[in-house]
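One file, query_31.txt, carrying compact mmCIF, C-alpha atoms:
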```
# COMPACT_ATOMS: atom_id res chain seq x y z
CA MET A 284 106.11 63.40 104.20
CA LEU A 285 106.43 61.16 107.26
CA LEU A 286 104.06 58.16 107.24
CA MET A 287 103.80 58.16 111.05
CA ASP A 288 104.39 60.54 113.96
CA PRO A 289 108.00 61.74 113.85
CA ALA A 290 108.84 61.11 117.53
CA PRO A 291 108.23 57.33 117.58
CA LEU A 292 109.61 56.98 114.05
CA LEU A 293 112.89 58.71 114.85
CA GLY A 294 113.08 56.94 118.19
CA ALA A 295 112.67 53.62 116.38
CA LEU A 296 115.41 54.53 113.89
CA LEU A 297 117.82 55.44 116.70
CA LEU A 298 117.03 52.21 118.52
CA ALA A 299 117.49 50.32 115.25
CA MET A 300 120.95 51.79 114.88
CA ALA A 301 121.79 50.75 118.44
CA VAL A 302 120.49 47.20 117.89
CA ASP A 303 122.47 46.86 114.68
CA ALA A 304 125.62 48.24 116.34
CA LEU A 305 125.33 45.79 119.23
CA PHE A 306 124.11 42.65 117.47
CA GLY A 307 124.26 43.08 113.68
CA ASP A 308 122.68 40.07 111.96
CA PRO A 309 123.02 37.19 114.44
CA ARG A 310 123.81 33.98 112.58
CA TRP A 311 121.83 31.85 115.07
CA LEU A 312 118.69 33.83 114.24
CA TRP A 313 118.99 33.90 110.45
CA ARG A 314 119.78 30.20 110.31
CA HIS A 315 116.12 29.68 111.21
CA LEU A 316 114.51 32.70 109.53
CA VAL A 317 114.79 34.29 106.11
CA HIS A 318 116.54 37.66 106.28
CA PRO A 319 114.48 40.32 104.44
CA VAL A 320 117.33 41.19 102.07
CA VAL A 321 117.97 37.50 101.35
CA GLY A 322 114.28 37.13 100.55
CA MET A 323 114.41 40.10 98.18
CA GLY A 324 117.42 38.59 96.44
CA TRP A 325 115.73 35.18 96.17
CA ILE A 326 112.60 36.65 94.56
CA THR A 327 114.69 38.76 92.18
CA ALA A 328 116.80 35.77 91.11
CA ARG A 329 113.70 33.64 90.57
CA LEU A 330 112.05 36.28 88.39
CA GLU A 331 115.29 36.71 86.47
CA ARG A 332 115.50 32.98 85.73
CA ARG A 333 111.87 32.83 84.58
CA TRP A 334 111.62 36.09 82.64
CA LEU A 335 115.03 36.93 81.24
CA ASP A 336 115.64 35.59 77.74
CA PRO A 337 118.72 37.20 76.15
CA ALA A 338 117.38 36.20 72.72
CA MET A 339 114.34 38.45 73.13
CA PRO A 340 114.27 41.95 71.61
CA ALA A 341 115.88 44.58 73.83
CA ALA A 342 112.57 46.40 74.40
CA ASP A 343 110.90 43.22 75.67
CA GLN A 344 113.82 42.51 78.00
CA ALA A 345 113.62 46.04 79.37
CA ARG A 346 109.86 45.80 79.90
CA ARG A 347 110.15 42.51 81.75
CA GLY A 348 112.96 43.90 83.87
CA LEU A 349 110.87 46.93 84.77
CA ILE A 350 107.89 44.77 85.77
CA ALA A 351 110.11 42.43 87.80
CA SER A 352 111.68 45.38 89.60
CA LEU A 353 108.33 46.96 90.44
CA LEU A 354 107.03 43.62 91.73
CA VAL A 355 109.98 43.18 94.11
CA ILE A 356 109.84 46.79 95.31
CA GLY A 357 106.05 46.77 95.68
CA LEU A 358 105.98 43.47 97.58
CA SER A 359 108.77 44.58 99.92
CA ALA A 360 107.11 47.92 100.67
CA THR A 361 103.68 46.34 101.15
CA VAL A 362 104.93 43.79 103.69
CA ALA A 363 106.84 46.54 105.51
CA LEU A 364 103.75 48.77 105.56
CA ALA A 365 101.70 45.97 107.10
CA VAL A 366 104.34 45.46 109.80
CA GLN A 367 104.47 49.18 110.53
CA GLU A 368 100.69 49.44 110.77
CA LEU A 369 100.58 46.56 113.23
CA CYS A 370 103.32 48.20 115.31
CA ALA A 371 101.44 51.51 115.34
CA ARG A 372 98.54 49.84 117.19
CA SER A 373 100.62 49.01 120.25
CA PRO A 374 102.11 51.44 122.79
CA VAL A 375 105.41 49.53 122.59
CA GLY A 376 105.11 48.77 118.90
CA TRP A 377 107.92 51.17 118.13
CA VAL A 378 110.32 48.71 119.78
CA VAL A 379 109.22 45.93 117.41
CA LEU A 380 109.43 48.42 114.58
CA ALA A 381 113.02 49.23 115.58
CA LEU A 382 113.93 45.54 115.52
CA ALA A 383 112.50 45.25 112.01
CA MET A 384 114.35 48.39 110.92
CA SER A 385 117.64 47.09 112.31
CA THR A 386 117.59 44.22 109.78
CA LEU A 387 117.82 46.80 106.99
CA ILE A 388 120.89 48.60 108.42
CA ALA A 389 124.34 47.10 107.87
CA ALA A 390 126.83 49.11 109.93
CA ARG A 391 128.08 46.29 112.17
CA GLY A 392 128.19 43.79 109.31
CA LEU A 393 130.19 46.24 107.20
CA TYR A 394 132.69 46.82 110.02
CA GLN A 395 133.11 43.11 110.63
CA HIS A 396 133.65 42.19 106.98
CA VAL A 397 136.20 44.95 106.42
CA ALA A 398 138.02 44.13 109.67
CA VAL A 399 138.35 40.53 108.46
CA VAL A 400 140.10 41.82 105.32
CA ALA A 401 142.60 43.79 107.41
CA ALA A 402 143.28 40.77 109.62
CA GLY A 403 143.63 38.47 106.62
CA LEU A 404 145.95 40.82 104.80
CA GLU A 405 148.22 41.00 107.84
CA GLN A 406 148.56 37.22 107.61
CA GLY A 407 149.33 37.25 103.88
CA LEU A 408 148.14 38.27 100.43
CA ALA A 409 146.21 35.05 99.81
CA GLN A 410 144.21 35.47 103.01
CA GLY A 411 143.53 39.11 102.19
CA ARG A 412 142.30 38.21 98.71
CA ARG A 413 139.95 35.55 100.06
CA ALA A 414 138.49 37.98 102.58
CA VAL A 415 138.05 40.88 100.18
CA ALA A 416 136.29 38.64 97.65
CA HIS A 417 133.29 38.61 100.03
CA ILE A 418 132.75 42.37 99.89
CA VAL A 419 133.78 43.53 96.40
CA GLY A 420 133.01 42.36 92.88
CA ARG A 421 136.43 42.88 91.33
CA ASP A 422 138.79 40.00 90.53
CA PRO A 423 140.70 39.30 93.76
CA ALA A 424 143.48 37.48 91.89
CA SER A 425 144.29 40.73 90.08
CA LEU A 426 144.91 42.61 93.34
CA ASP A 427 148.24 43.04 95.06
CA ALA A 428 148.35 43.77 98.81
CA HIS A 429 147.80 47.50 98.25
CA GLY A 430 144.91 46.75 95.90
CA VAL A 431 143.25 44.56 98.52
CA ALA A 432 143.59 47.33 101.12
CA ARG A 433 142.21 49.95 98.72
CA ALA A 434 139.27 47.71 97.84
CA ALA A 435 138.42 47.29 101.52
CA ILE A 436 138.59 51.03 102.18
CA GLU A 437 136.50 51.81 99.09
CA SER A 438 133.92 49.26 100.23
CA THR A 439 133.84 50.91 103.66
CA ALA A 440 133.04 54.30 102.14
CA GLU A 441 130.54 53.12 99.53
CA ASN A 442 128.68 50.74 101.81
CA PHE A 443 128.46 53.34 104.55
CA ALA A 444 126.39 55.28 102.02
CA ASP A 445 124.11 52.50 100.79
CA GLY A 446 124.13 50.25 103.85
CA VAL A 447 123.71 52.85 106.60
CA VAL A 448 122.88 56.37 105.43
CA ALA A 449 120.51 55.50 102.58
CA PRO A 450 118.15 53.17 104.49
CA LEU A 451 118.07 55.62 107.39
CA LEU A 452 117.30 58.56 105.11
CA TRP A 453 114.47 56.70 103.39
CA GLY A 454 113.31 55.57 106.82
CA VAL A 455 113.09 59.18 108.00
CA LEU A 456 111.02 60.06 104.95
CA PHE A 457 108.75 57.02 104.66
CA GLY A 458 109.28 54.79 107.68
CA LEU A 459 109.82 51.05 107.40
CA PRO A 460 108.20 50.88 103.92
CA GLY A 461 110.73 53.43 102.66
CA MET A 462 113.61 51.43 104.07
CA ALA A 463 112.29 48.18 102.59
CA ALA A 464 111.65 49.75 99.20
CA TYR A 465 115.18 51.16 99.18
CA LYS A 466 116.75 47.83 100.13
CA ALA A 467 114.72 46.18 97.37
CA VAL A 468 116.09 48.69 94.86
CA ASN A 469 119.61 48.14 96.13
CA THR A 470 119.22 44.36 95.99
CA LEU A 471 117.81 44.51 92.46
CA ASP A 472 120.80 46.54 91.39
CA SER A 473 123.17 44.00 92.95
CA VAL A 474 121.47 41.05 91.23
CA ILE A 475 120.46 42.37 87.80
CA GLY A 476 121.89 45.90 87.57
CA HIS A 477 125.26 44.85 86.13
CA ARG A 478 126.66 46.49 83.00
CA SER A 479 127.01 43.16 81.21
CA SER A 480 125.54 41.88 77.97
CA ARG A 481 123.12 39.63 79.88
CA TYR A 482 121.63 42.35 82.08
CA LEU A 483 122.14 45.40 79.87
CA HIS A 484 118.43 45.73 79.06
CA PHE A 485 116.71 43.61 81.71
CA GLY A 486 118.47 45.39 84.57
CA ARG A 487 118.51 48.90 83.12
CA PHE A 488 115.55 50.18 85.13
CA ALA A 489 116.89 48.70 88.38
CA ALA A 490 120.33 50.23 87.83
CA ARG A 491 118.95 53.68 87.04
CA LEU A 492 116.52 53.59 89.95
CA ASP A 493 119.38 52.67 92.28
CA ASP A 494 121.30 55.70 91.02
CA VAL A 495 118.31 57.92 91.84
CA ALA A 496 117.71 56.34 95.26
CA ASN A 497 121.36 56.78 96.27
CA TRP A 498 121.90 60.28 94.87
CA LEU A 499 121.27 62.21 98.09
CA PRO A 500 122.55 59.55 100.54
CA ALA A 501 125.88 59.32 98.70
CA ARG A 502 126.49 63.03 99.04
CA PHE A 503 125.27 63.20 102.61
CA SER A 504 127.50 60.27 103.55
CA ALA A 505 130.49 62.09 102.08
CA VAL A 506 129.78 65.05 104.35
CA LEU A 507 129.50 62.72 107.34
CA ILE A 508 132.84 61.11 106.45
CA LEU A 509 134.46 64.53 106.31
CA GLY A 510 132.83 65.45 109.63
CA ALA A 511 134.26 62.31 111.19
CA ALA A 512 137.70 63.04 109.74
CA LEU A 513 137.58 66.51 111.25
CA CYS A 514 137.25 64.94 114.71
CA LEU A 515 139.98 62.31 114.34
CA PRO A 516 143.73 62.93 114.75
CA GLY A 517 145.87 62.30 111.70
CA MET A 518 143.03 62.85 109.22
CA THR A 519 142.92 65.57 106.59
CA SER A 520 139.31 66.67 106.22
CA GLY A 521 140.34 69.65 104.08
CA ALA A 522 142.01 67.36 101.57
CA GLY A 523 138.91 65.19 101.66
CA TRP A 524 136.73 68.17 100.84
CA ARG A 525 138.95 69.14 97.91
CA ALA A 526 139.10 65.57 96.61
CA MET A 527 135.34 65.21 96.88
CA TRP A 528 134.56 68.31 94.83
CA ARG A 529 137.31 67.66 92.30
CA ASP A 530 137.23 63.90 91.80
CA ALA A 531 133.78 62.55 92.70
CA ARG A 532 132.21 63.47 89.35
CA ARG A 533 134.97 61.63 87.48
CA HIS A 534 134.11 58.28 89.08
CA ARG A 535 132.38 55.75 86.82
CA SER A 536 129.52 55.63 89.32
CA VAL A 537 127.34 58.69 89.64
CA ASN A 538 127.21 58.16 93.41
CA ALA A 539 130.09 56.00 94.69
CA GLY A 540 132.70 58.64 93.88
CA TRP A 541 131.40 61.00 96.59
CA PRO A 542 132.06 58.91 99.70
CA GLU A 543 135.13 57.31 98.12
CA ALA A 544 136.72 60.65 97.24
CA ALA A 545 135.92 62.02 100.69
CA MET A 546 137.49 58.97 102.32
CA ALA A 547 140.53 59.09 100.02
CA GLY A 548 141.26 62.71 100.86
CA ALA A 549 140.59 62.22 104.56
CA LEU A 550 143.05 59.30 104.75
CA GLY A 551 145.60 60.94 102.46
CA LEU A 552 145.35 58.12 99.90
CA ARG A 553 144.42 57.50 96.29
CA LEU A 554 141.42 55.19 95.82
CA ALA A 555 139.48 53.73 92.88
CA GLY A 556 141.54 53.89 89.68
CA PRO A 557 141.84 51.04 87.13
CA ARG A 558 140.62 47.62 88.31
CA ARG A 559 139.34 44.35 86.86
CA TYR A 560 135.84 42.89 86.96
CA ALA A 561 135.26 39.41 85.49
CA GLY A 562 138.50 39.69 83.56
CA GLU A 563 137.61 43.10 82.09
CA LEU A 564 139.74 46.14 82.91
CA VAL A 565 137.74 49.15 84.06
CA ASP A 566 139.81 52.29 83.54
CA ASP A 567 138.31 54.45 86.28
CA ALA A 568 139.61 57.76 87.59
CA TRP A 569 141.67 58.03 90.77
CA MET A 570 140.11 59.64 93.84
CA GLY A 571 142.48 61.74 95.98
CA ASP A 572 146.08 62.92 95.72
CA GLY A 573 147.92 60.63 98.12
CA PRO A 574 149.82 57.41 97.49
CA ALA A 575 147.96 54.34 96.25
CA ALA A 576 150.01 52.08 98.55
CA ALA A 577 147.28 51.44 101.13
CA THR A 578 147.99 49.07 104.02
CA PRO A 579 146.06 47.19 106.73
CA THR A 580 146.77 50.15 109.01
CA ASP A 581 144.91 52.37 106.54
CA ILE A 582 141.98 49.95 106.61
CA GLY A 583 141.90 50.41 110.39
CA ARG A 584 141.93 54.18 109.96
CA GLY A 585 139.02 53.90 107.54
CA LEU A 586 137.11 51.81 110.07
CA ARG A 587 137.62 54.50 112.71
CA VAL A 588 136.14 57.01 110.28
CA LEU A 589 133.20 54.62 109.77
CA ILE A 590 132.53 54.32 113.50
CA LEU A 591 132.54 58.07 114.08
CA ALA A 592 130.52 58.75 110.91
CA CYS A 593 127.85 56.34 112.20
CA GLY A 594 127.94 58.24 115.49
CA LEU A 595 127.42 61.52 113.66
CA THR A 596 124.52 59.96 111.76
CA ALA A 597 122.88 59.03 115.07
CA ALA A 598 123.51 62.56 116.34
CA VAL A 599 121.75 64.02 113.30
CA LEU A 600 118.76 61.75 113.91
CA GLY A 601 118.71 62.76 117.57
CA ALA A 602 118.84 66.45 116.71
CA LEU A 603 116.03 65.99 114.19
CA ALA A 604 113.95 64.21 116.82
CA LEU A 605 114.42 67.10 119.25
CA PHE A 606 113.57 69.63 116.55
CA LEU A 607 110.36 67.82 115.59
CA ALA A 608 109.31 67.00 119.15
```
Can you present the structure in this file as structure tokens?
Amino acid sequence: MLLMDPAPLLGALLLAMAVDALFGDPRWLWRHLVHPVVGMGWITARLERRWLDPAMPAADQARRGLIASLLVIGLSATVALAVQELCARSPVGWVVLALAMSTLIAARGLYQHVAVVAAGLEQGLAQGRRAVAHIVGRDPASLDAHGVARAAIESTAENFADGVVAPLLWGVLFGLPGMAAYKAVNTLDSVIGHRSSRYLHFGRFAARLDDVANWLPARFSAVLILGAALCLPGMTSGAGWRAMWRDARRHRSVNAGWPEAAMAGALGLRLAGPRRYAGELVDDAWMGDGPAAATPTDIGRGLRVLILACGLTAAVLGALALFLA
């Protein structure tokens, strides 16, 4: 159920997408203010340092992790609800609401970070590895040039789902509080949701909640990627559809395989597969049938898919606004 009238809410979401596309997260602004996601990460890390004791029984670690997660999510949603209520009292409050919403969307930031990887890789493997280390968690030293390119493309697909589609979807359903709660869940998963011995119990609730929160957005984002591929020359949306239905369920992540498989098929590549995290080899399944020898040119093709998929997302929001008007 929508927490406010659908017309101003959807209008605010569309404006938020436009603000993010034009400005992203301006460094000059966030040098003086605390970005909401940075604040969520800071609170999560502080609770982790105070409450996580690996020597404690597993059940106690899990209980503390659950409480910490609910605190971060609850605080984030409460602050967002207060902001939304204040905005609802002004005739132009939806503009302020859109500005707040834009901080929880990461389309421009994603494009910029991935584009830096492509530019770095064109200069040399070392530069590509340094750039890709900022957007993926795998060991950059273990990646050859093709591995760097694949990692960048995979990040494009996965982060389109959880950095663009997911916050917008939760925003449609629950407004700014829904977006903030989702970003809190996503941040918790990034900080404590790792499958490591330290966070196995403490971060279990956060990791599972992130899987639930991203279930629908991941699948919807895959459809949007295929829709974008259908409109772009040189893409194979049919192969993307086949790869998505065949390979997505074999991915180690219950959600990431959907946009990654769709992107792999659309670009005619193979993505995912075995890779190293913190020195540990993860023997994951391959997504797609094409060659694994991705290049900076393929990164550029993936970015074109991202741009058009974001455009299709805005079109869906616009159509929904007209339907509910």
Quick one: residues within 9 Å of Leu404 in chain A, all atoms listed in the file counted, chain neighbours fewer than 2 positions away excluded, as a PyMOL selection string?
chain A and resi 399-402+406-412+414+428+431-432+578-579
Could you list, as a list in words, every residue within 9 Å of Ala576 in chain A, counting all atoms listed in the file and ignoring same-chain residues fewer than 2 positions away?
Ala428, His429, Gly430, Ala432, Arg433, Leu552, Arg553, Gly573, Pro574 and Thr578 of chain A
So that I can see what lies close to Leu292 in chain A, please list as a list in words the residues with an atom at most 9 Å from it, counting all atoms listed in the file and leaving out residues fewer than 3 positions away in the same chain.
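So, after excluding close chain neighbours, the residues are Leu285, Leu286, Met287, Asp288, Pro289, Ala295, Leu296, Leu297, Trp377, Leu380, Ala381, Gly454, Val455, Gly458, Leu459 and Ala604 of chain A.
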Using only C-alpha atoms, please write the residues we just selected to a file, as a compact mmCIF listing (two decimals), in the frame of the given file.
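The resulting selection_18.txt:
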```txt
# COMPACT_ATOMS: atom_id res chain seq x y z
CA LEU A 285 106.43 61.16 107.26
CA LEU A 286 104.06 58.16 107.24
CA MET A 287 103.80 58.16 111.05
CA ASP A 288 104.39 60.54 113.96
CA PRO A 289 108.00 61.74 113.85
CA ALA A 295 112.67 53.62 116.38
CA LEU A 296 115.41 54.53 113.89
CA LEU A 297 117.82 55.44 116.70
CA TRP A 377 107.92 51.17 118.13
CA LEU A 380 109.43 48.42 114.58
CA ALA A 381 113.02 49.23 115.58
CA GLY A 454 113.31 55.57 106.82
CA VAL A 455 113.09 59.18 108.00
CA GLY A 458 109.28 54.79 107.68
CA LEU A 459 109.82 51.05 107.40
CA ALA A 604 113.95 64.21 116.82
```
Distance table requested - range 464-565 of chain A against range 438-446 of chain A, cut-off 6 Å, all atoms listed in the file: one row per qualifying residue with the closest atom pair and its distance in Å to one decimal, ordered by chain and rising residue number, as CSV.
```
residue,atom,partner,partner_atom,distance
A:Pro500,CA,A:Ala444,CA,5.9
A:Ala501,CA,A:Ala444,CA,5.3
A:Ser504,CA,A:Ala444,CA,5.3
A:Ala539,CA,A:Glu441,CA,5.7
A:Pro542,CA,A:Ala440,CA,5.3
A:Glu543,CA,A:Ala440,CA,5.4
```
Top pick for closest residue to Arg329 in chain A, considering A:Ala345, A:Met546, A:Val474, A:Val378 and counting all atoms listed in the file
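Ranked by minimum distance to Arg329 in chain A, first place goes to A:Val474.
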In the coordinates of the file, take the point (137.6, 45.6, 83.4) and a cut-off of 12 Å; then, counting only C-alpha atoms, name each qualifying protein, DNA or RNA residue as a PDB file with C-alpha atoms, in the frame of the given file.
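Resulting contents of result.pdb:
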```pdb
ATOM      1  CA  GLY A 420     133.010  42.360  92.880  1.00  0.00           C
ATOM      2  CA  ARG A 421     136.430  42.880  91.330  1.00  0.00           C
ATOM      3  CA  ASP A 422     138.790  40.000  90.530  1.00  0.00           C
ATOM      4  CA  SER A 425     144.290  40.730  90.080  1.00  0.00           C
ATOM      5  CA  ARG A 478     126.660  46.490  83.000  1.00  0.00           C
ATOM      6  CA  SER A 479     127.010  43.160  81.210  1.00  0.00           C
ATOM      7  CA  ARG A 535     132.380  55.750  86.820  1.00  0.00           C
ATOM      8  CA  GLY A 556     141.540  53.890  89.680  1.00  0.00           C
ATOM      9  CA  PRO A 557     141.840  51.040  87.130  1.00  0.00           C
ATOM     10  CA  ARG A 558     140.620  47.620  88.310  1.00  0.00           C
ATOM     11  CA  ARG A 559     139.340  44.350  86.860  1.00  0.00           C
ATOM     12  CA  TYR A 560     135.840  42.890  86.960  1.00  0.00           C
ATOM     13  CA  ALA A 561     135.260  39.410  85.490  1.00  0.00           C
ATOM     14  CA  GLY A 562     138.500  39.690  83.560  1.00  0.00           C
ATOM     15  CA  GLU A 563     137.610  43.100  82.090  1.00  0.00           C
ATOM     16  CA  LEU A 564     139.740  46.140  82.910  1.00  0.00           C
ATOM     17  CA  VAL A 565     137.740  49.150  84.060  1.00  0.00           C
ATOM     18  CA  ASP A 566     139.810  52.290  83.540  1.00  0.00           C
ATOM     19  CA  ASP A 567     138.310  54.450  86.280  1.00  0.00           C
TER      20      ASP A 567
END
```
What's the 8 Å shell around range 359-375 of chain A, counting all atoms listed in the file, without same-chain residues fewer than 4 positions away, as JSON, numbers by chain?
{"A": [323, 355, 379, 380, 458, 459, 460, 461, 463, 464, 467]}
Between A:Ala351, A:Ala531, A:Leu330, A:Ile418, which one has atoms that come closest to Arg502 in chain A, using all atoms listed in the file?
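Closest candidate: A:Ala531.
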Please define a box with edges along x, y and z of the file around all atoms of range 336-344 of chain A given in the file, extend it by 6 Å on each side, and return its centre and edge lengths in Å to one decimal, as AutoDock Vina command-line options.
```
--center_x 114.8 --center_y 41.0 --center_z 74.8 --size_x 19.8 --size_y 22.8 --size_z 18.4
```
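Taking CA of Cys514 in chain A and CA of Glu405 in chain A as the two end points, the separation is 27.2 Å.
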Can you pull out the residues contacting Met527 in chain A? Cut-off 12 Å, using only C-alpha atoms, and skip same-chain residues under 5 positions away; I want them as a PDB file with C-alpha atoms, in the coordinates of the input.
```pdb
ATOM      1  CA  ALA A 501     125.880  59.320  98.700  1.00  0.00           C
ATOM      2  CA  ARG A 502     126.490  63.030  99.040  1.00  0.00           C
ATOM      3  CA  PHE A 503     125.270  63.200 102.610  1.00  0.00           C
ATOM      4  CA  SER A 504     127.500  60.270 103.550  1.00  0.00           C
ATOM      5  CA  ALA A 505     130.490  62.090 102.080  1.00  0.00           C
ATOM      6  CA  VAL A 506     129.780  65.050 104.350  1.00  0.00           C
ATOM      7  CA  ILE A 508     132.840  61.110 106.450  1.00  0.00           C
ATOM      8  CA  LEU A 509     134.460  64.530 106.310  1.00  0.00           C
ATOM      9  CA  SER A 520     139.310  66.670 106.220  1.00  0.00           C
ATOM     10  CA  GLY A 521     140.340  69.650 104.080  1.00  0.00           C
ATOM     11  CA  ALA A 522     142.010  67.360 101.570  1.00  0.00           C
ATOM     12  CA  ARG A 532     132.210  63.470  89.350  1.00  0.00           C
ATOM     13  CA  ARG A 533     134.970  61.630  87.480  1.00  0.00           C
ATOM     14  CA  HIS A 534     134.110  58.280  89.080  1.00  0.00           C
ATOM     15  CA  ASN A 538     127.210  58.160  93.410  1.00  0.00           C
ATOM     16  CA  ALA A 539     130.090  56.000  94.690  1.00  0.00           C
ATOM     17  CA  GLY A 540     132.700  58.640  93.880  1.00  0.00           C
ATOM     18  CA  TRP A 541     131.400  61.000  96.590  1.00  0.00           C
ATOM     19  CA  PRO A 542     132.060  58.910  99.700  1.00  0.00           C
ATOM     20  CA  GLU A 543     135.130  57.310  98.120  1.00  0.00           C
ATOM     21  CA  ALA A 544     136.720  60.650  97.240  1.00  0.00           C
ATOM     22  CA  ALA A 545     135.920  62.020 100.690  1.00  0.00           C
ATOM     23  CA  MET A 546     137.490  58.970 102.320  1.00  0.00           C
ATOM     24  CA  ALA A 547     140.530  59.090 100.020  1.00  0.00           C
ATOM     25  CA  GLY A 548     141.260  62.710 100.860  1.00  0.00           C
ATOM     26  CA  ALA A 549     140.590  62.220 104.560  1.00  0.00           C
ATOM     27  CA  ARG A 553     144.420  57.500  96.290  1.00  0.00           C
ATOM     28  CA  LEU A 554     141.420  55.190  95.820  1.00  0.00           C
ATOM     29  CA  TRP A 569     141.670  58.030  90.770  1.00  0.00           C
ATOM     30  CA  MET A 570     140.110  59.640  93.840  1.00  0.00           C
ATOM     31  CA  GLY A 571     142.480  61.740  95.980  1.00  0.00           C
ATOM     32  CA  ASP A 572     146.080  62.920  95.720  1.00  0.00           C
TER      33      ASP A 572
END
```
Rounded to one decimal, what separation in Å do you get between CA of Ser385 in chain A and CA of His417 in chain A?
21.6 Å
Range 391-503 of chain A residues near range 307-313 of chain A within 10 Å, closest pair each, using all atoms listed in the file, as CSV:
```
residue,atom,partner,partner_atom,distance
A:Arg391,CA,A:Gly307,CA,5.2
A:Gly392,CA,A:Gly307,CA,5.9
A:Leu393,CA,A:Gly307,CA,9.3
A:Tyr394,CA,A:Gly307,CA,9.9
A:Gln395,CA,A:Gly307,CA,9.4
```
Would you list the residues near (113.4, 37.7, 83.4), meaning any protein, DNA or RNA residue with an atom at most 12 Å from that point in file coordinates, counting only C-alpha atoms, as a ChimeraX atom specification?
/A:326-339,343-352,474-475,481-482,484-486
Go ahead and compute the interatomic distance for CA of Leu353 in chain A and CA of Gly476 in chain A, in Å to one decimal.
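Atom-to-atom, CA of Leu353 in chain A and CA of Gly476 in chain A are spaced 13.9 Å apart.
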Selected residue of minimal separation from Ala555 in chain A among A:Leu605, A:Ala301, A:Leu387, A:Ala435, counting all atoms listed in the file
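Comparing A:Leu605, A:Ala301, A:Leu387, A:Ala435 against Ala555 in chain A, the winner is A:Ala435.
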Pick out the closest residue to Leu452 in chain A from this set: A:Ala383, A:Val320, A:Val599, A:Ser536. Count only C-alpha atoms.
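Going through A:Ala383, A:Val320, A:Val599, A:Ser536 one by one, the smallest distance to Leu452 in chain A is for A:Val599.
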For each of A:Leu607, A:Leu499, A:Ile582, A:Val321, take the minimum atom-to-atom distance to Gly403 in chain A, counting all atoms listed in the file, then give the residue where this is smallest.
A:Ile582
My list of candidates is A:Pro423, A:Pro340, A:Gly510, A:Gly322. Which is closest to Cys593 in chain A when distances are computed with all atoms listed in the file?
A:Gly510
